[in-house]
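Reproduced below: entry-v6.txt, with compact mmCIF, C-alpha atoms.
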```
# COMPACT_ATOMS: atom_id res chain seq x y z
CA MET M 868 111.36 286.55 132.93
CA SER M 869 109.57 284.55 135.58
CA GLY M 870 108.66 286.12 138.91
CA PRO M 871 109.92 285.08 142.34
CA ASP M 872 109.29 281.63 143.79
CA ALA M 873 106.89 281.17 146.69
CA GLU M 874 109.59 281.16 149.36
CA THR M 875 111.19 284.35 148.04
CA LYS M 876 107.79 286.03 147.97
CA MET M 877 107.04 284.89 151.53
CA GLN M 878 110.37 286.29 152.78
CA PHE M 879 109.69 289.53 150.89
CA LEU M 880 106.27 289.98 152.53
CA PHE M 881 107.74 289.09 155.95
CA ALA M 882 110.39 291.82 155.50
CA LEU M 883 107.67 294.33 154.58
CA ARG M 884 105.56 293.44 157.61
CA SER M 885 108.61 293.55 159.89
CA ALA M 886 109.29 297.10 158.66
CA GLY M 887 105.74 298.16 159.56
CA VAL M 888 103.89 297.69 156.25
CA THR M 889 100.65 296.16 157.53
CA GLN M 890 97.93 297.55 155.25
CA THR M 891 96.39 294.67 153.29
CA ASP M 892 95.89 296.51 150.00
CA VAL M 893 99.52 297.74 150.02
CA LEU M 894 100.85 294.23 150.72
CA GLN M 895 98.63 292.75 147.98
CA ALA M 896 99.77 295.33 145.41
CA MET M 897 103.43 294.70 146.27
CA GLU M 898 102.98 290.94 146.24
CA THR M 899 101.53 290.99 142.72
CA MET M 900 104.03 293.50 141.24
CA ASP M 901 107.31 291.83 140.21
CA ARG M 902 110.11 294.25 141.25
CA GLY M 903 112.50 292.31 139.01
CA LEU M 904 110.82 293.80 135.92
CA PHE M 905 112.03 297.25 136.94
CA LEU M 906 115.72 296.31 137.24
CA ARG M 907 118.36 295.52 134.64
CA GLY M 908 121.08 292.87 134.40
CA LEU M 909 122.47 291.35 137.57
CA PHE M 910 120.48 293.72 139.76
CA SER M 911 117.24 291.99 138.74
CA GLN M 912 118.46 288.92 140.64
CA ARG M 913 118.47 291.02 143.83
CA ALA M 914 114.96 292.40 143.27
CA TYR M 915 113.53 290.82 146.41
CA GLU M 916 116.20 292.01 148.82
CA ASP M 917 115.08 294.94 150.98
CA VAL M 918 117.73 297.30 149.61
CA PRO M 919 117.82 300.25 147.20
CA LEU M 920 119.48 299.37 143.89
CA PRO M 921 120.98 301.46 141.06
CA ILE M 922 119.06 302.21 137.89
CA ALA M 923 119.92 304.40 134.86
CA CYS M 924 120.72 308.14 135.00
CA GLY M 925 122.46 307.87 138.37
CA GLN M 926 119.15 307.21 140.14
CA THR M 927 118.01 304.37 142.42
CA ILE M 928 114.99 302.15 142.93
CA SER M 929 113.95 302.59 146.57
CA GLN M 930 114.09 299.67 148.96
CA PRO M 931 110.73 297.84 149.05
CA SER M 932 110.02 298.56 152.72
CA ILE M 933 110.29 302.33 152.07
CA VAL M 934 108.03 302.02 149.01
CA GLY M 935 105.53 300.13 151.19
CA LEU M 936 105.68 302.62 154.06
CA MET M 937 105.29 305.63 151.74
CA THR M 938 102.37 303.98 149.94
CA GLN M 939 100.74 303.14 153.25
CA ALA M 940 101.21 306.71 154.53
CA LEU M 941 99.55 308.03 151.38
CA GLN M 942 96.25 306.26 152.29
CA VAL M 943 95.27 305.73 148.64
CA THR M 944 91.66 304.86 147.80
CA PRO M 945 90.31 303.40 144.52
CA ARG M 946 88.76 306.79 143.63
CA ASP M 947 92.00 308.77 143.93
CA LYS M 948 93.93 310.69 141.29
CA VAL M 949 97.60 310.51 142.29
CA LEU M 950 100.64 312.53 141.23
CA GLU M 951 104.08 310.94 141.60
CA VAL M 952 107.11 313.23 141.32
CA GLY M 953 110.13 311.12 140.34
CA THR M 954 109.17 308.16 138.15
CA GLY M 955 112.57 306.50 138.49
CA SER M 956 112.22 302.82 137.61
CA GLY M 957 108.41 303.04 137.51
CA TYR M 958 108.01 300.56 140.38
CA GLN M 959 106.26 302.93 142.78
CA ALA M 960 103.87 304.17 140.06
CA ALA M 961 102.99 300.59 139.10
CA ILE M 962 102.05 299.78 142.71
CA LEU M 963 99.97 302.96 142.98
CA ALA M 964 98.22 302.03 139.72
CA LYS M 965 96.96 298.85 141.39
CA MET M 966 95.31 300.93 144.13
CA ALA M 967 94.24 304.27 142.60
CA ARG M 968 91.90 305.36 139.81
CA ARG M 969 94.57 307.31 137.92
CA VAL M 970 98.32 307.90 138.34
CA TYR M 971 100.30 310.72 136.77
CA THR M 972 104.06 310.27 137.10
CA ILE M 973 106.69 312.81 136.06
CA ASP M 974 110.48 312.60 135.84
CA ARG M 975 113.22 314.93 134.57
CA HIS M 976 115.05 312.07 132.80
CA SER M 977 113.41 311.13 129.47
CA ARG M 978 115.25 307.79 129.37
CA LEU M 979 113.69 306.72 132.68
CA VAL M 980 110.21 307.75 131.51
CA GLN M 981 110.63 305.82 128.23
CA ASP M 982 111.83 302.70 130.05
CA ALA M 983 108.99 302.91 132.58
CA ARG M 984 106.40 303.38 129.82
CA GLN M 985 107.53 300.16 128.16
CA ILE M 986 107.07 298.25 131.42
CA PHE M 987 103.64 299.84 132.05
CA ASP M 988 102.59 298.79 128.52
CA THR M 989 103.88 295.24 129.07
CA LEU M 990 101.87 295.04 132.30
CA SER M 991 98.77 296.65 130.68
CA LEU M 992 98.72 299.39 133.34
CA THR M 993 96.51 301.72 131.31
CA ASN M 994 95.70 304.08 134.19
CA ILE M 995 99.25 305.55 134.32
CA THR M 996 100.24 308.67 132.40
CA SER M 997 104.05 309.18 132.34
CA LEU M 998 105.54 312.54 131.46
CA VAL M 999 108.97 314.11 131.10
CA GLY M 1000 109.21 317.37 133.02
CA ASP M 1001 110.31 319.29 136.08
CA GLY M 1002 108.34 317.61 138.83
CA SER M 1003 109.08 320.33 141.37
CA PHE M 1004 106.36 322.36 139.63
CA GLY M 1005 103.89 319.47 139.66
CA LEU M 1006 101.28 319.20 136.90
CA PRO M 1007 99.06 322.30 137.05
CA ASP M 1008 97.01 321.14 134.03
CA GLN M 1009 95.82 318.05 135.90
CA ALA M 1010 95.50 319.56 139.39
CA PRO M 1011 94.08 319.23 141.95
CA PHE M 1012 95.24 315.79 143.10
CA ASP M 1013 93.85 313.60 145.87
CA ARG M 1014 97.33 312.27 146.66
CA ILE M 1015 100.87 313.41 145.83
CA ILE M 1016 104.01 311.34 146.45
CA VAL M 1017 107.52 312.72 146.00
CA THR M 1018 110.39 310.24 145.66
CA ALA M 1019 113.23 312.77 145.96
CA ALA M 1020 114.15 314.99 148.90
CA ALA M 1021 113.34 318.70 148.99
CA GLU M 1022 114.53 321.18 151.63
CA ASP M 1023 110.84 322.01 152.22
CA PRO M 1024 107.61 320.60 150.77
CA PRO M 1025 107.49 322.37 147.35
CA GLY M 1026 104.93 325.19 147.25
CA PRO M 1027 103.58 324.32 143.77
CA LEU M 1028 102.87 320.75 144.93
CA LEU M 1029 101.13 321.92 148.11
CA SER M 1030 98.91 324.20 146.01
CA GLN M 1031 97.95 321.28 143.73
CA LEU M 1032 96.69 319.14 146.62
CA LYS M 1033 92.93 318.92 147.14
CA ILE M 1034 91.45 319.91 150.47
CA GLY M 1035 91.44 316.62 152.37
CA GLY M 1036 94.33 315.44 150.18
CA VAL M 1037 97.57 313.86 151.40
CA MET M 1038 101.15 314.37 150.25
CA VAL M 1039 104.11 312.21 151.32
CA VAL M 1040 107.54 313.79 150.76
CA PRO M 1041 111.09 313.35 152.11
CA VAL M 1042 112.35 316.67 153.49
CA GLY M 1043 115.88 317.71 154.42
CA GLN M 1044 119.32 318.64 153.13
CA SER M 1045 120.35 316.34 150.29
CA ASP M 1046 123.60 315.22 151.91
CA HIS M 1047 122.10 314.52 155.34
CA VAL M 1048 119.49 312.09 156.57
CA GLN M 1049 116.06 313.37 155.69
CA THR M 1050 112.67 312.98 157.33
CA LEU M 1051 109.63 311.49 155.61
CA ILE M 1052 106.75 313.92 156.07
CA ARG M 1053 103.02 313.40 155.56
CA VAL M 1054 101.10 316.58 154.73
CA LEU M 1055 97.31 316.82 155.06
CA ARG M 1056 95.59 319.78 153.41
CA THR M 1057 92.71 321.08 155.51
CA GLN M 1058 90.21 323.91 155.05
CA ASP M 1059 92.52 326.09 157.16
CA GLY M 1060 95.95 325.15 155.78
CA PHE M 1061 98.33 322.23 156.14
CA GLU M 1062 99.05 319.73 158.91
CA TYR M 1063 102.46 318.04 158.98
CA ASP M 1064 103.40 314.66 160.49
CA GLU M 1065 106.98 313.42 160.73
CA LEU M 1066 107.02 309.69 159.94
CA ARG M 1067 110.62 308.41 159.95
CA PRO M 1068 114.19 309.16 158.88
CA VAL M 1069 114.94 308.27 155.23
CA ARG M 1070 117.57 308.88 152.57
CA PHE M 1071 116.61 309.90 149.02
CA VAL M 1072 118.32 311.52 146.05
CA PRO M 1073 117.73 315.29 146.00
CA LEU M 1074 114.80 316.86 144.16
CA VAL M 1075 116.49 318.80 141.35
CA GLU M 1076 114.85 321.49 139.23
CA GLY M 1077 115.11 321.41 135.45
CA LEU M 1078 115.39 318.51 133.03
CA GLY M 1079 118.08 315.83 133.24
CA LYS M 1080 121.01 315.68 130.83
CA GLU M 1081 120.66 312.48 128.87
CA THR M 1082 123.72 310.30 128.44
```

I need this file expressed as structure tokens, please.
Amino acid sequence: MSGPDAETKMQFLFALRSAGVTQTDVLQAMETMDRGLFLRGLFSQRAYEDVPLPIACGQTISQPSIVGLMTQALQVTPRDKVLEVGTGSGYQAAILAKMARRVYTIDRHSRLVQDARQIFDTLSLTNITSLVGDGSFGLPDQAPFDRIIVTAAAEDPPGPLLSQLKIGGVMVVPVGQSDHVQTLIRVLRTQDGFEYDELRPVRFVPLVEGLGKET
């Protein structure tokens, strides 16, 4: 499948900038990563619209502007080891892989992880490790992480994830009741504890404990 034409890409980048995505490395990563690869059927034709779209297992691929704003808030550097909770389509992890040293991504749905792995292999993104598991507990074996991004909403930032963040590390997580509008939070771990910044209202699927039932 061929990527977007120049005009589509220009409109896509304009929509990102209009939404507040201004960091050059984030824009470059999103410009070079074809969102259409992460969608199936007719939805792939809508890959460059700034809307969330359905994927398998009742999940969604987030709208590009939210992916961009979350990535920007994470302040990723090329030395960072990043944990993503909620692989979904794999799109967010692929963008992080362009910017970070290593990305670990975990999802409760094995089908989503398998599909994402195939795309990562096709794109030769060798610095991503994808795992099936309960992301609300993080990945203790690989902790601590420089950056943690959560792509599902929790009522509070999960304690296990906070404990797996390095001092000086940043976590971006949507917080709030699953059936209400949530708030995107940035957490900075300091020597003395945690600092919280509210970034913007968002809407994500809820963070669910346990493994997904495969259909």

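Interatomic distance, CA of Ser997 in chain M to CA of Thr1018 in chain M: 14.8 Å.
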
List the spatial neighbours of range 1053-1056 of chain M as a PDB file with C-alpha atoms, keeping the file's coordinate frame - criterion: any atom at most 6 Å away, all atoms listed in the file, same-chain residues fewer than 6 positions off excluded.
```pdb
ATOM      1  CA  ILE M1034      91.450 319.910 150.470  1.00  0.00           C
ATOM      2  CA  GLY M1035      91.440 316.620 152.370  1.00  0.00           C
ATOM      3  CA  GLY M1036      94.330 315.440 150.180  1.00  0.00           C
ATOM      4  CA  VAL M1037      97.570 313.860 151.400  1.00  0.00           C
ATOM      5  CA  MET M1038     101.150 314.370 150.250  1.00  0.00           C
ATOM      6  CA  VAL M1039     104.110 312.210 151.320  1.00  0.00           C
ATOM      7  CA  GLU M1062      99.050 319.730 158.910  1.00  0.00           C
ATOM      8  CA  TYR M1063     102.460 318.040 158.980  1.00  0.00           C
ATOM      9  CA  ASP M1064     103.400 314.660 160.490  1.00  0.00           C
TER      10      ASP M1064
END
```

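Excluding Ala914 in chain M itself and same-chain residues fewer than 6 positions from it, the residues having an atom within 8 Å of it are Arg902, Gly903 and Leu906 of chain M, counting all atoms listed in the file.
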
Original post:
In terms of the shortest atom-to-atom distance over only C-alpha atoms, which of M:Ser932, M:Thr993, M:Ser1003, M:Gln985 is closest to Ile973 in chain M?
Top reply: M:Ser1003

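As for CA of Thr1057 in chain M and CA of Ala1010 in chain M, they are spaced 16.4 Å apart.
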
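You can rank M:Gly925, M:Met937, M:Leu990, M:Ala1019 by their closest distance to His976 in chain M using all atoms listed in the file, and at the top of that list sits M:Gly925.
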
**OP:** Kindly indicate which residue among M:Gly1002, M:Pro1073, M:Pro931, M:Gly887 lies nearest to Arg913 in chain M, using only C-alpha atoms for the distances.
**Re:** M:Pro931

Subject >> Residues near Ser885 in chain M, cut-off 12 Å, only C-alpha atoms, skip fewer than 6 positions along chain, as a ChimeraX atom specification >> reply: /M:878-879,917,931-933,935-936

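Among the candidate residues M:Asp901, M:Leu1032, M:Asp1023, M:Leu950, the one lying nearest to Asp872 in chain M is M:Asp901, with distances computed using all atoms listed in the file.
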
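Minimum atom-to-atom distances from M:Lys965, M:Val980, M:Phe1071, M:Glu1076 to Ser929 in chain M were compared using only C-alpha atoms, and the lowest value belongs to M:Phe1071.
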
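The interatomic distance for the pair CA of Glu1065 in chain M and CA of Gln1044 in chain M works out to 15.4 Å.
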